[in-house]
Each structure stands twice: as structure tokens, then as C-alpha cells.
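Report on one structure; see the data block that follows.
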Amino acid sequence: MVRALLITLVALAVLPACGERGDPSLVPYPIATDARRSFPAVSPAVAEGAPLGRLRCLADGPSVGVHLEVFIAGQVVLVPSGVGLGPRCSYPVITRDPTGVLLVRRGAELTLGDLFAEWGVALAATHIGPASGTVSVWVDGRPVGGDPARVPLRRHAEIVVAIGRPAIVPHPGYTFAPGL
């Protein structure tokens, strides 16, 4: 029920903008709901507040915003609310809602690999979770080569990660809430 409501709200928010601006990056894509493209927010390690390599679960601190969009085979993979939120602590990158906005602790030099480690979803040049194929990454609308796990999470970056067809037209930017 909640997922259906979220899908409806996303469609209502995106569809009018497509017609008004004619921006090809505002094409509405269906939201993935199957297990191969929909991942839980909290990994077992995060649920325990355990260290994840160099990442530790600490008290919240000031953060900056990064926006992430993930697509598998032409479907949107929601970055769920609660990524990086431990039992009484938080990791250096978290999500508080399923909008793709990442809150990155100020001063932390993090990568997409760090986020995906917290999320408990494998990320490499050849796969996202169990979905395999060539992974493409764009930052601020420009393609980025190399290992997707090494892409830095920089303030106000718009990051699009995609695997499979149909082709995705990446967004060149994102409007962040004041203070991020």
C-alpha cells in the first residue's frame, strides 16, 4: 500500500514536469518491485552497528546533500529510507527518506562503494546486487568511467547509476533543500 502510494506520488510529481520543460531526462521510469531490483535499507552489519571496513557507526553530525538515482533494466531502484542508520548511531552516509537524497557527514571523503556497503548491496563495474551487466555512471549529467564504487560523494552531486536496457537519460542536476 505504501509503495503504491509512493509510486503514484512520484508519477504525479514527474509527469507534469516532463511536459512543461520537454527535458528528456525527466522521462518517468517504472519503479522496481521485484527482489532482484529492490533492496532492504538496513544490512545485517548496520542493524548491529558493526564496523564496515573504515566506516563506523557514530553520533549524527552536520551533513551535505548528494542525490543518487539507480536504474536496473530501465526500472528505478528506490534508495530506501534508513540506509546507514544503526541501532543508536549513524554511519557517515545515510538516507532519511526514499528520494535518493544522501546525507553525507561533512568532512567525510566517501564513495559510492561506501554507500553501497552500508546499504548491503554489491556494486562493481559488472553488477548491482544480483543484476549483472555493464554498470554506467554519470555525475552531473556527464559519464564517468572506471570502477563505480570509487565515484566520490561530493556536495550537491547528481549521480546516476544504471545497468541494462533501455538506455537512461541522466539528470544533469538536482535541486537540494536549503541547508544541504
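By convention here, the chains of the C-alpha cells are called A, B, ... in the order presented, each chain's residues are numbered starting at 1, and ligands are numbered starting at 1 in the order presented.
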
_What's around A:Leu68 at 10 Å? Count only C-alpha atoms, leave out sequence neighbours fewer than 3 positions away in its own chain, and write the answer as JSON, numbers by chain._
{"A": [65, 78, 79, 99, 100, 101, 102, 112, 139, 153, 157, 158, 159, 160, 161, 174]}

_List the spatial neighbours of A:Val151 as a PyMOL selection string - criterion: any atom at most 8 Å away, only C-alpha atoms, same-chain residues fewer than 4 positions off excluded._
chain A and resi 111-113+147

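Non-sequential neighbours of A:Pro44 (distance at most 10 Å, separation of 6 or more positions within a chain, only C-alpha atoms) are Ala50, Gly86, Glu118, Trp119 and Gly120 of chain A.
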
Which residues in stretch 69-141 of chain A does DSSP call strand (DSSP E or B)? List them as a PDB file with N, CA and C atoms, in the first residue's frame.
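Saved as part37.pdb:
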ATOM      1  N   GLU A  69      20.453   8.291  -8.159  1.00  0.00           N
ATOM      2  CA  GLU A  69      19.403   7.551  -8.846  1.00  0.00           C
ATOM      3  C   GLU A  69      20.010   6.244  -9.339  1.00  0.00           C
ATOM      4  N   VAL A  70      19.284   5.144  -9.137  1.00  0.00           N
ATOM      5  CA  VAL A  70      19.756   3.825  -9.551  1.00  0.00           C
ATOM      6  C   VAL A  70      18.701   3.213 -10.470  1.00  0.00           C
ATOM      7  N   PHE A  71      19.148   2.681 -11.621  1.00  0.00           N
ATOM      8  CA  PHE A  71      18.260   2.045 -12.579  1.00  0.00           C
ATOM      9  C   PHE A  71      18.805   0.666 -12.929  1.00  0.00           C
ATOM     10  N   ILE A  72      17.907  -0.326 -12.949  1.00  0.00           N
ATOM     11  CA  ILE A  72      18.259  -1.666 -13.407  1.00  0.00           C
ATOM     12  C   ILE A  72      17.241  -2.045 -14.472  1.00  0.00           C
ATOM     13  N   GLN A  75      14.254   0.211 -14.917  1.00  0.00           N
ATOM     14  CA  GLN A  75      13.376   0.452 -13.773  1.00  0.00           C
ATOM     15  C   GLN A  75      14.141   1.175 -12.674  1.00  0.00           C
ATOM     16  N   VAL A  76      13.433   2.045 -11.980  1.00  0.00           N
ATOM     17  CA  VAL A  76      14.016   2.789 -10.866  1.00  0.00           C
ATOM     18  C   VAL A  76      14.171   1.860  -9.674  1.00  0.00           C
ATOM     19  N   VAL A  77      15.346   1.871  -9.076  1.00  0.00           N
ATOM     20  CA  VAL A  77      15.571   1.163  -7.821  1.00  0.00           C
ATOM     21  C   VAL A  77      15.536   2.226  -6.731  1.00  0.00           C
ATOM     22  N   LEU A  85      21.502   3.886   9.003  1.00  0.00           N
ATOM     23  CA  LEU A  85      21.008   4.199  10.349  1.00  0.00           C
ATOM     24  C   LEU A  85      21.099   2.957  11.222  1.00  0.00           C
ATOM     25  N   SER A  90      24.663   6.471  13.624  1.00  0.00           N
ATOM     26  CA  SER A  90      24.537   6.516  12.168  1.00  0.00           C
ATOM     27  C   SER A  90      25.925   6.444  11.538  1.00  0.00           C
ATOM     28  N   VAL A  93      27.175   8.105   5.801  1.00  0.00           N
ATOM     29  CA  VAL A  93      26.205   8.478   4.763  1.00  0.00           C
ATOM     30  C   VAL A  93      24.902   7.755   5.090  1.00  0.00           C
ATOM     31  N   ILE A  94      23.804   8.524   5.106  1.00  0.00           N
ATOM     32  CA  ILE A  94      22.507   7.957   5.480  1.00  0.00           C
ATOM     33  C   ILE A  94      21.416   8.462   4.540  1.00  0.00           C
ATOM     34  N   VAL A 101      18.063  11.226  -1.867  1.00  0.00           N
ATOM     35  CA  VAL A 101      18.940  12.211  -1.238  1.00  0.00           C
ATOM     36  C   VAL A 101      19.773  11.498  -0.173  1.00  0.00           C
ATOM     37  N   LEU A 102      21.087  11.601  -0.343  1.00  0.00           N
ATOM     38  CA  LEU A 102      22.026  11.031   0.618  1.00  0.00           C
ATOM     39  C   LEU A 102      22.519  12.152   1.514  1.00  0.00           C
ATOM     40  N   LEU A 103      22.560  11.901   2.794  1.00  0.00           N
ATOM     41  CA  LEU A 103      23.124  12.866   3.746  1.00  0.00           C
ATOM     42  C   LEU A 103      24.514  12.364   4.100  1.00  0.00           C
ATOM     43  N   VAL A 104      25.523  13.097   3.641  1.00  0.00           N
ATOM     44  CA  VAL A 104      26.922  12.700   3.813  1.00  0.00           C
ATOM     45  C   VAL A 104      27.539  13.570   4.893  1.00  0.00           C
ATOM     46  N   ARG A 105      28.098  12.926   5.913  1.00  0.00           N
ATOM     47  CA  ARG A 105      28.707  13.664   7.015  1.00  0.00           C
ATOM     48  C   ARG A 105      29.756  14.632   6.489  1.00  0.00           C
ATOM     49  N   THR A 111      32.670   7.395  -0.951  1.00  0.00           N
ATOM     50  CA  THR A 111      32.437   6.994  -2.333  1.00  0.00           C
ATOM     51  C   THR A 111      31.116   6.241  -2.449  1.00  0.00           C
ATOM     52  N   LEU A 123      28.245  -3.596  -5.427  1.00  0.00           N
ATOM     53  CA  LEU A 123      28.392  -2.683  -6.557  1.00  0.00           C
ATOM     54  C   LEU A 123      29.766  -2.893  -7.173  1.00  0.00           C
ATOM     55  N   ALA A 124      29.791  -3.133  -8.482  1.00  0.00           N
ATOM     56  CA  ALA A 124      31.044  -3.275  -9.228  1.00  0.00           C
ATOM     57  C   ALA A 124      30.771  -2.865 -10.667  1.00  0.00           C
ATOM     58  N   HIS A 127      28.105  -5.432 -11.951  1.00  0.00           N
ATOM     59  CA  HIS A 127      26.843  -5.779 -11.286  1.00  0.00           C
ATOM     60  C   HIS A 127      26.415  -4.758 -10.233  1.00  0.00           C
ATOM     61  N   ILE A 128      25.098  -4.736 -10.015  1.00  0.00           N
ATOM     62  CA  ILE A 128      24.472  -4.037  -8.894  1.00  0.00           C
ATOM     63  C   ILE A 128      23.635  -5.101  -8.203  1.00  0.00           C
ATOM     64  N   ALA A 131      21.920  -8.206 -10.115  1.00  0.00           N
ATOM     65  CA  ALA A 131      21.763  -7.864 -11.533  1.00  0.00           C
ATOM     66  C   ALA A 131      23.137  -7.690 -12.171  1.00  0.00           C
ATOM     67  N   SER A 132      23.379  -8.399 -13.264  1.00  0.00           N
ATOM     68  CA  SER A 132      24.695  -8.312 -13.893  1.00  0.00           C
ATOM     69  C   SER A 132      24.603  -7.663 -15.268  1.00  0.00           C
ATOM     70  N   VAL A 135      27.813  -1.670 -15.807  1.00  0.00           N
ATOM     71  CA  VAL A 135      27.290  -0.583 -14.984  1.00  0.00           C
ATOM     72  C   VAL A 135      27.809   0.735 -15.556  1.00  0.00           C
ATOM     73  N   SER A 136      26.902   1.662 -15.809  1.00  0.00           N
ATOM     74  CA  SER A 136      27.255   3.003 -16.290  1.00  0.00           C
ATOM     75  C   SER A 136      26.983   4.004 -15.185  1.00  0.00           C
ATOM     76  N   VAL A 137      27.844   5.021 -15.093  1.00  0.00           N
ATOM     77  CA  VAL A 137      27.690   6.056 -14.065  1.00  0.00           C
ATOM     78  C   VAL A 137      27.821   7.425 -14.716  1.00  0.00           C
ATOM     79  N   TRP A 138      26.948   8.340 -14.303  1.00  0.00           N
ATOM     80  CA  TRP A 138      27.025   9.734 -14.711  1.00  0.00           C
ATOM     81  C   TRP A 138      27.042  10.594 -13.459  1.00  0.00           C
ATOM     82  N   VAL A 139      27.841  11.640 -13.465  1.00  0.00           N
ATOM     83  CA  VAL A 139      27.844  12.620 -12.381  1.00  0.00           C
ATOM     84  C   VAL A 139      27.546  13.974 -13.013  1.00  0.00           C
TER      85      VAL A 139
END

*Interatomic distance (Å, one decimal) between atom CA of A:Pro170 and atom CA of A:Thr134*: 15.9 Å

_Among listed residues A:Pro87, A:Gly107, A:Pro98, A:Ser43, nearest A:Gly61 (using only C-alpha atoms)_ = A:Gly107

*Skip A:Ile168 itself and residues of its chain fewer than 3 positions away, then list as a list in words all residues within 8 Å of it, counting only C-alpha atoms.*
Ser25, Phe71, Gly74, Ala162 and Arg165 of chain A

*Would you list the contacts of A:Ala41 as an MDAnalysis selection string, taking every protein, DNA or RNA residue within 6 Å and counting only C-alpha atoms, but skipping same-chain residues closer than 5 positions in sequence?*
chainID A and resid 80 82:83 119

Let me see the file: selected residues, N, CA and C atoms, as a PDB file, in the first residue's frame.
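See out-v6.pdb below for the written result:
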ATOM      1  N   PRO A  80      16.194   3.278  -0.366  1.00  0.00           N
ATOM      2  CA  PRO A  80      15.202   3.359   0.703  1.00  0.00           C
ATOM      3  C   PRO A  80      15.607   4.254   1.871  1.00  0.00           C
ATOM      4  N   GLY A  82      16.484   4.973   5.619  1.00  0.00           N
ATOM      5  CA  GLY A  82      17.106   4.191   6.687  1.00  0.00           C
ATOM      6  C   GLY A  82      18.456   3.597   6.367  1.00  0.00           C
ATOM      7  N   VAL A  83      18.969   3.802   5.146  1.00  0.00           N
ATOM      8  CA  VAL A  83      20.310   3.304   4.840  1.00  0.00           C
ATOM      9  C   VAL A  83      21.297   4.003   5.771  1.00  0.00           C
ATOM     10  N   TRP A 119      24.465  -0.013   2.604  1.00  0.00           N
ATOM     11  CA  TRP A 119      23.175  -0.492   2.110  1.00  0.00           C
ATOM     12  C   TRP A 119      23.147  -2.012   2.066  1.00  0.00           C
TER      13      TRP A 119
END

*When distances are computed from only C-alpha atoms, which of A:Cys89, A:Leu115, A:Ala149, A:Val121 shows the smallest separation from A:Pro40?*
A:Val121

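When only C-alpha atoms are used to compute distances to A:Gly164, the closest of the residues A:Pro178, A:Gly133, A:Pro92, A:Gly49 turns out to be A:Gly133.
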
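Considering only C-alpha atoms, the residue among A:His156, A:Arg88, A:Arg142, A:Arg150 positioned nearest to A:Val169 is A:Arg142.
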
_I need the residues in stretch 32-115 of chain A that are helix (DSSP H, G or I) according to DSSP; give them as a PyMOL selection string._
chain A and resi 44-48+112-115

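Nearest residue to A:Asp140 among A:Ala177, A:Cys57, A:Val66, A:Leu52 is A:Val66, counting only C-alpha atoms.
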
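Of note, atom CA of A:Asp97 and atom CA of A:Ala45 are spaced 20.3 Å apart.
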